[in-house]
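Source file upload18.cif; content: mmCIF, C-alpha atoms.
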```cif
data_input
loop_
_atom_site.label_atom_id
_atom_site.label_comp_id
_atom_site.auth_asym_id
_atom_site.auth_seq_id
_atom_site.Cartn_x
_atom_site.Cartn_y
_atom_site.Cartn_z
CA MET C 193 95.16 269.64 43.73
CA SER C 194 93.82 268.17 40.52
CA THR C 195 96.91 265.98 40.13
CA LEU C 196 96.40 264.46 43.62
CA THR C 197 92.72 263.80 42.91
CA GLU C 198 93.52 262.12 39.62
CA THR C 199 96.18 259.92 41.27
CA THR C 200 93.79 258.81 44.03
CA SER C 201 91.05 258.14 41.53
CA ALA C 202 93.40 256.11 39.37
CA ALA C 203 94.50 254.00 42.33
CA GLY C 204 90.88 253.37 43.27
CA ASN C 205 90.01 252.40 39.71
CA THR C 206 92.97 250.02 39.61
CA GLY C 207 91.74 248.25 42.75
CA ALA C 208 88.22 248.02 41.36
CA ALA C 209 89.44 246.84 37.99
CA SER C 210 91.45 244.03 39.57
CA GLY C 211 88.21 242.48 40.82
CA ARG C 212 89.75 241.56 44.16
CA PRO C 213 87.48 242.24 47.15
CA ALA C 214 88.99 243.73 50.28
CA TYR C 215 90.26 240.99 52.61
CA ARG C 216 88.17 240.59 55.74
CA VAL C 217 88.97 238.43 58.75
CA THR C 218 85.81 236.61 59.81
CA GLY C 219 85.23 233.88 62.37
CA ARG C 220 84.33 231.35 59.67
CA ARG C 221 87.52 232.05 57.72
CA VAL C 222 89.67 231.67 60.83
CA LEU C 223 87.93 228.36 61.61
CA ALA C 224 88.48 227.16 58.04
CA SER C 225 92.14 228.15 58.23
CA GLU C 226 92.71 226.27 61.47
CA TRP C 227 90.84 223.24 60.11
CA ALA C 228 93.07 223.16 57.03
CA LYS C 229 96.28 223.61 59.05
CA LEU C 230 95.33 220.84 61.47
CA TRP C 231 94.66 218.22 58.80
CA SER C 232 97.77 219.17 56.82
CA LEU C 233 100.00 217.81 59.60
CA ARG C 234 101.01 214.15 59.58
CA SER C 235 101.15 214.18 63.38
CA THR C 236 97.39 214.83 63.46
CA TRP C 237 96.55 211.58 61.71
CA ILE C 238 99.11 209.58 63.69
CA THR C 239 98.15 210.90 67.12
CA LEU C 240 94.40 210.70 66.55
CA GLY C 241 94.90 207.14 65.35
CA LEU C 242 96.88 206.32 68.48
CA GLY C 243 94.21 207.85 70.70
CA LEU C 244 91.49 205.78 69.02
CA LEU C 245 93.68 202.67 69.16
CA PHE C 246 94.45 203.09 72.86
CA LEU C 247 90.79 203.58 73.70
CA VAL C 248 89.55 200.52 71.81
CA VAL C 249 92.43 198.08 72.27
CA PHE C 250 92.98 198.62 75.99
CA GLY C 251 89.24 198.45 76.59
CA VAL C 252 88.97 195.11 74.78
CA ILE C 253 92.06 193.76 76.56
CA ALA C 254 90.54 194.68 79.93
CA ALA C 255 87.31 192.88 78.99
CA TYR C 256 89.20 189.73 77.95
CA ARG C 257 91.26 189.84 81.14
CA TYR C 258 88.10 190.06 83.24
CA GLN C 259 86.51 187.17 81.36
CA SER C 260 89.60 184.97 81.70
CA MET C 261 90.08 185.65 85.43
CA LEU C 262 86.43 185.32 86.43
CA GLY C 263 86.18 183.04 89.45
CA SER C 264 89.94 182.96 90.00
CA PRO C 265 91.19 183.58 93.58
CA ARG C 266 93.89 185.83 92.09
CA MET C 267 91.26 188.26 90.83
CA ASP C 268 91.40 191.61 92.64
CA LYS C 269 88.19 192.44 94.55
CA GLU C 270 87.90 195.88 92.98
CA PHE C 271 88.46 194.45 89.50
CA ALA C 272 85.80 191.83 90.20
CA ARG C 273 83.24 194.64 90.67
CA SER C 274 83.93 196.03 87.19
CA THR C 275 81.18 196.52 84.65
CA ALA C 276 81.24 196.29 80.88
CA LEU C 277 81.28 200.10 80.80
CA SER C 278 84.25 200.54 83.13
CA LEU C 279 86.17 197.75 81.38
CA SER C 280 85.50 199.22 77.94
CA LEU C 281 86.65 202.68 79.04
CA PHE C 282 89.82 201.39 80.68
CA GLY C 283 91.79 202.86 77.78
CA ALA C 284 90.47 206.39 78.38
CA ASN C 285 93.44 207.11 80.66
CA PHE C 286 95.83 206.34 77.79
CA ALA C 287 93.74 208.01 75.08
CA GLN C 288 93.62 211.25 77.07
CA LEU C 289 97.40 211.53 76.88
CA ALA C 290 97.49 211.08 73.10
CA LEU C 291 94.65 213.56 72.51
CA GLY C 292 96.01 216.03 75.06
CA VAL C 293 99.51 215.91 73.56
CA LEU C 294 98.13 216.64 70.10
CA GLY C 295 96.26 219.59 71.58
CA VAL C 296 99.55 220.98 72.88
CA LEU C 297 101.14 220.50 69.45
CA VAL C 298 98.30 222.37 67.76
CA THR C 299 99.30 225.63 69.43
CA ALA C 300 102.82 225.24 70.83
CA GLY C 301 104.00 223.71 67.55
CA GLU C 302 103.44 227.04 65.79
CA TYR C 303 105.59 228.82 68.36
CA SER C 304 108.43 226.33 67.92
CA THR C 305 108.42 226.73 64.11
CA GLY C 306 107.78 230.48 64.09
CA MET C 307 104.60 230.07 62.05
CA ILE C 308 102.68 231.86 64.79
CA ARG C 309 103.97 235.20 63.44
CA SER C 310 102.28 234.60 60.10
CA THR C 311 99.12 233.48 61.85
CA MET C 312 98.94 236.59 64.02
CA ALA C 313 99.77 238.84 61.07
CA ALA C 314 96.74 237.42 59.27
CA VAL C 315 94.52 237.68 62.39
CA PRO C 316 95.73 240.76 64.31
CA ARG C 317 93.06 240.47 67.01
CA ARG C 318 94.74 237.20 68.14
CA LEU C 319 92.01 235.79 70.37
CA PRO C 320 89.94 234.40 67.44
CA VAL C 321 92.93 232.19 66.67
CA LEU C 322 92.85 230.65 70.14
CA TRP C 323 89.07 230.16 70.12
CA SER C 324 89.22 228.61 66.63
CA LYS C 325 92.05 226.23 67.48
CA ALA C 326 90.29 225.12 70.67
CA ALA C 327 86.92 224.72 68.94
CA VAL C 328 88.23 222.84 65.91
CA TYR C 329 90.47 220.45 67.78
CA GLY C 330 88.04 220.04 70.68
CA LEU C 331 85.32 218.96 68.24
CA ILE C 332 87.63 216.49 66.52
CA ALA C 333 88.76 215.00 69.85
CA LEU C 334 85.11 214.76 70.92
CA VAL C 335 84.15 212.82 67.79
CA VAL C 336 87.15 210.50 68.01
CA GLY C 337 86.63 209.89 71.74
CA THR C 338 82.90 209.21 71.38
CA ALA C 339 83.39 206.87 68.42
CA GLY C 340 86.15 204.98 70.23
CA ALA C 341 84.06 204.67 73.41
CA PHE C 342 81.10 203.16 71.56
CA VAL C 343 83.29 200.75 69.57
CA ALA C 344 85.14 199.63 72.71
CA PHE C 345 81.85 199.06 74.54
CA LEU C 346 80.18 197.16 71.71
CA VAL C 347 83.15 194.80 71.47
CA GLY C 348 83.83 194.59 75.22
CA SER C 349 80.19 193.94 76.12
CA ARG C 350 80.16 190.92 73.82
CA VAL C 351 83.31 189.59 75.49
CA VAL C 352 81.82 189.77 79.00
CA SER C 353 78.33 188.68 77.95
CA GLY C 354 76.88 186.23 80.45
CA THR C 355 79.14 187.42 83.29
CA PRO C 356 78.25 189.66 86.28
CA ALA C 357 79.82 192.59 84.36
CA ALA C 358 77.46 192.25 81.40
CA LEU C 359 75.63 195.41 80.30
CA THR C 360 73.81 196.57 77.19
CA LEU C 361 73.26 199.99 75.65
CA GLY C 362 69.77 199.93 77.13
CA HIS C 363 71.05 199.74 80.71
CA PRO C 364 70.49 203.01 82.61
CA GLY C 365 73.54 205.25 82.48
CA VAL C 366 75.46 203.40 79.77
CA VAL C 367 74.76 205.73 76.85
CA ARG C 368 75.28 208.73 79.13
CA GLY C 369 78.63 207.29 80.22
CA LEU C 370 79.79 206.68 76.64
CA PHE C 371 78.90 210.19 75.51
CA GLY C 372 80.42 211.50 78.75
CA ALA C 373 83.71 209.78 77.93
CA GLY C 374 83.75 211.42 74.50
CA LEU C 375 82.99 214.81 76.03
CA TYR C 376 85.75 214.34 78.62
CA LEU C 377 88.32 213.50 75.95
CA GLY C 378 87.19 216.45 73.85
CA LEU C 379 87.71 218.80 76.79
CA VAL C 380 91.13 217.23 77.45
CA GLY C 381 92.02 218.21 73.89
CA VAL C 382 90.88 221.78 74.57
CA ILE C 383 92.99 221.89 77.74
CA GLY C 384 96.01 220.67 75.78
CA THR C 385 95.44 223.41 73.19
CA ALA C 386 95.21 226.04 75.92
CA LEU C 387 98.35 224.75 77.67
CA GLY C 388 100.29 225.00 74.41
CA ALA C 389 99.20 228.63 73.98
CA LEU C 390 99.85 229.47 77.62
CA LEU C 391 103.34 227.94 77.92
CA ARG C 392 104.37 228.27 74.23
CA SER C 393 106.54 225.20 74.63
CA VAL C 394 105.80 221.67 73.43
CA ALA C 395 107.89 220.08 76.18
CA GLY C 396 106.47 222.36 78.85
CA GLY C 397 102.87 221.86 77.77
CA ILE C 398 103.18 218.08 77.66
CA SER C 399 104.91 218.02 81.04
CA VAL C 400 102.14 220.04 82.71
CA LEU C 401 99.48 217.91 81.00
CA VAL C 402 101.02 214.65 82.23
CA ALA C 403 101.53 216.06 85.71
CA ALA C 404 97.93 217.30 85.99
CA PHE C 405 96.28 214.09 84.78
CA MET C 406 98.72 211.39 85.92
CA LEU C 407 101.09 212.56 88.66
CA VAL C 408 98.93 214.86 90.82
CA PRO C 409 96.22 212.21 91.49
CA GLY C 410 98.95 209.81 92.63
CA LEU C 411 100.50 212.40 94.91
CA ALA C 412 97.07 213.27 96.32
CA SER C 413 96.74 209.67 97.51
CA LEU C 414 99.63 210.35 99.91
CA LEU C 415 97.62 213.02 101.73
CA PRO C 416 95.69 212.26 104.94
CA ALA C 417 92.34 210.57 104.32
CA SER C 418 90.37 213.63 105.41
CA TRP C 419 92.25 215.79 102.90
CA GLN C 420 91.76 213.27 100.12
CA ASP C 421 87.98 213.33 100.59
CA HIS C 422 87.91 217.13 100.22
CA ILE C 423 90.55 217.60 97.50
CA GLY C 424 90.57 214.40 95.46
CA PRO C 425 87.13 214.67 93.79
CA TYR C 426 87.93 218.14 92.45
CA LEU C 427 91.18 217.24 90.70
CA PRO C 428 90.84 217.43 86.89
CA SER C 429 91.21 213.71 86.22
CA ASN C 430 88.88 212.63 89.03
CA ALA C 431 86.23 215.20 88.13
CA GLY C 432 86.44 214.11 84.49
CA GLN C 433 86.12 210.42 85.33
CA ALA C 434 82.97 211.18 87.32
CA VAL C 435 81.38 212.38 84.06
CA TYR C 436 81.42 208.88 82.54
CA ALA C 437 81.37 206.64 85.62
CA LEU C 438 78.32 204.39 85.93
CA THR C 439 78.17 204.37 89.73
CA HIS C 440 79.16 206.93 92.36
CA ASP C 441 79.73 207.01 96.10
CA ALA C 442 80.33 209.59 98.82
CA THR C 443 83.96 210.13 97.71
CA THR C 444 83.14 210.97 94.07
CA LEU C 445 81.18 213.70 92.33
CA SER C 446 77.95 213.16 90.44
CA PRO C 447 78.17 213.31 86.61
CA GLY C 448 76.71 216.83 86.53
CA ALA C 449 78.97 218.15 89.29
CA GLY C 450 82.00 216.46 87.74
CA LEU C 451 81.26 218.08 84.39
CA LEU C 452 80.90 221.51 85.96
CA VAL C 453 84.21 221.15 87.82
CA PHE C 454 86.01 219.94 84.70
CA LEU C 455 84.52 222.77 82.65
CA GLY C 456 85.84 225.12 85.32
CA TRP C 457 89.37 223.75 84.93
CA THR C 458 89.08 224.06 81.15
CA ALA C 459 87.87 227.66 81.37
CA LEU C 460 90.68 228.53 83.80
CA VAL C 461 93.42 227.30 81.47
CA LEU C 462 91.76 228.95 78.45
CA ALA C 463 91.55 232.24 80.35
CA GLY C 464 95.26 232.07 81.18
CA ALA C 465 96.12 231.33 77.56
CA ALA C 466 93.91 234.21 76.35
CA TYR C 467 95.49 236.64 78.79
CA ARG C 468 99.03 235.79 77.73
CA LEU C 469 98.12 235.81 74.05
CA ARG C 470 96.52 239.22 74.35
CA ARG C 471 99.19 240.81 76.55
CA GLY C 472 102.38 239.06 75.47
CA ASP C 473 104.45 239.35 72.32
CA VAL C 474 104.60 236.46 69.86
#
```

If you convert what's in this file into structure tokens, what do you get?
Amino acid sequence: MSTLTETTSAAGNTGAASGRPAYRVTGRRVLASEWAKLWSLRSTWITLGLGLLFLVVFGVIAAYRYQSMLGSPRMDKEFARSTALSLSLFGANFAQLALGVLGVLVTAGEYSTGMIRSTMAAVPRRLPVLWSKAAVYGLIALVVGTAGAFVAFLVGSRVVSGTPAALTLGHPGVVRGLFGAGLYLGLVGVIGTALGALLRSVAGGISVLVAAFMLVPGLASLLPASWQDHIGPYLPSNAGQAVYALTHDATTLSPGAGLLVFLGWTALVLAGAAYRLRRGDV
């Protein structure tokens, strides 16, 4: 009995003498870990740079195209009704793909390399990993999207100055639209992260992302007009675009309703990813 007590006491003294505190998994440590992992990847810098480039460059190109075609009979009627805001955010459709793809890589990339086993061994509860990845990357995508939207508008508005499309930051709805575009792109990044965790495949996650934001809206246009009016506004891409659109009509959602619908889609994908992460084996 005394021998066992002495052995236990010696082991405890050894741990105390080492000066190493017991390891604890906290939310802040998981966030810090995911932040460090994200910025350690070269693909992060490249893809974020592409997303910012697409948003700014395509927005400026659209503004120059509008300015050069103004008054031309070849100018499309819908394009002629463009505003400096819609022209500047023309690149949002391309930026969403870059930011969404990186979101898929953030989670699915760990499954493809096998690093997810080490991650889950360090965080046995699992779900904090998903929340941290989504929060960290969503915030980064939000900042990049918002910065790109403001830069594109400041340059594009100067290009179309003096034309019917001219707007300034003081025009009602412009600042709301620019921040709305950043929020939309941030949520697209969160959806990409959730898709990567749900499907655990880079190719599968990217395929579903492209289908949801690019192919499904095109297929919906083939439906009867009455169906389009009831289904179209609630598709992820259309609901998201309503968040940053300057004007709305009977066939589109208001900015608040569009945000709620898009948040619903985001929560749905996150819930699916959380369920599989909690129930499935890594």

| task | Could you list the residues chosen by the PyMOL selection byres ((chain C and resi 342-353) around 10) in this structure as an NGL selection string? | result | :C and (244-260 or 262 or 275-283 or 337-341 or 354-361 or 366-367 or 369-371 or 373-374)

| said: With distances taken over only C-alpha atoms, which residue among C:Leu387, C:Ser413, C:Arg318, C:Tyr436 lies nearest Val400 of chain C? | reply: C:Leu387

| message | Just checking: using only C-alpha atoms, which residue out of C:Leu240, C:Leu460, C:Leu401, C:Leu390 ends up closest to Ala290 of chain C? | response |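 The answer is C:Leu240, which sits nearest to Ala290 of chain C.
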
| said: Residue by residue, what does the PyMOL selection byres ((chain C and resi 424) around 9) grab here? Present the result as a list in words. | reply: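 Output from the PyMOL selection byres ((chain C and resi 424) around 9), applied to this file: Pro409, Ala412, Ser413, Trp419, Gln420, Asp421, His422, Ile423, Pro425, Tyr426, Leu427, Asn430, Ala431, Thr443 and Thr444 of chain C.
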
Would you write out those residues with C-alpha atoms, as a PDB file, in the frame of the given file?
```pdb
ATOM      1  CA  PRO C 409      96.220 212.210  91.490  1.00  0.00           C
ATOM      2  CA  ALA C 412      97.070 213.270  96.320  1.00  0.00           C
ATOM      3  CA  SER C 413      96.740 209.670  97.510  1.00  0.00           C
ATOM      4  CA  TRP C 419      92.250 215.790 102.900  1.00  0.00           C
ATOM      5  CA  GLN C 420      91.760 213.270 100.120  1.00  0.00           C
ATOM      6  CA  ASP C 421      87.980 213.330 100.590  1.00  0.00           C
ATOM      7  CA  HIS C 422      87.910 217.130 100.220  1.00  0.00           C
ATOM      8  CA  ILE C 423      90.550 217.600  97.500  1.00  0.00           C
ATOM      9  CA  PRO C 425      87.130 214.670  93.790  1.00  0.00           C
ATOM     10  CA  TYR C 426      87.930 218.140  92.450  1.00  0.00           C
ATOM     11  CA  LEU C 427      91.180 217.240  90.700  1.00  0.00           C
ATOM     12  CA  ASN C 430      88.880 212.630  89.030  1.00  0.00           C
ATOM     13  CA  ALA C 431      86.230 215.200  88.130  1.00  0.00           C
ATOM     14  CA  THR C 443      83.960 210.130  97.710  1.00  0.00           C
ATOM     15  CA  THR C 444      83.140 210.970  94.070  1.00  0.00           C
TER      16      THR C 444
END
```

| field | Contacts of Arg317 of chain C within 12 Å, all atoms listed in the file, excl. fewer than 5 positions in-chain, as a ChimeraX atom specification | value | /C:217-219,222,311-312,322-323,466,469-471

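Note that atom CA of Gly397 of chain C and atom CA of Ala314 of chain C are 24.9 Å apart.
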
| query | Can you tell me, as a list in words, which residues sit within 10 Å of (102.2, 227.4, 74.6) in the file's frame, using only C-alpha atoms? | reply | Val296, Leu297, Val298, Thr299, Ala300, Gly301, Glu302, Tyr303, Ser304, Gly384, Thr385, Ala386, Leu387, Gly388, Ala389, Leu390, Leu391, Arg392, Ser393, Val394, Ala395, Gly396, Gly397, Ile398, Ala465, Arg468 and Leu469 of chain C

| message | So the first atom is atom CA of Pro320 of chain C and the second is atom CA of Leu294 of chain C; what is the distance between them in Å, to one decimal place? | response |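 Atom CA of Pro320 of chain C sits 19.7 Å away from atom CA of Leu294 of chain C.
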
| said: As a check of understanding, name the residues that the PyMOL selection byres ((chain C and resi 450) around 10) selects in the supplied structure, as JSON, numbers by chain. | reply: {"C": [425, 426, 427, 428, 429, 430, 431, 432, 433, 434, 435, 436, 444, 445, 446, 447, 448, 449, 451, 452, 453, 454, 455, 456]}

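Here atom CA of Val328 of chain C and atom CA of Arg368 of chain C stand 23.3 Å from one another.
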
| said: Could you check the closest approach to Gly243 of chain C for each of C:Leu223, C:Ala313, C:Val335, C:Ile308 and tell me which residue wins, using only C-alpha atoms? | reply: C:Val335
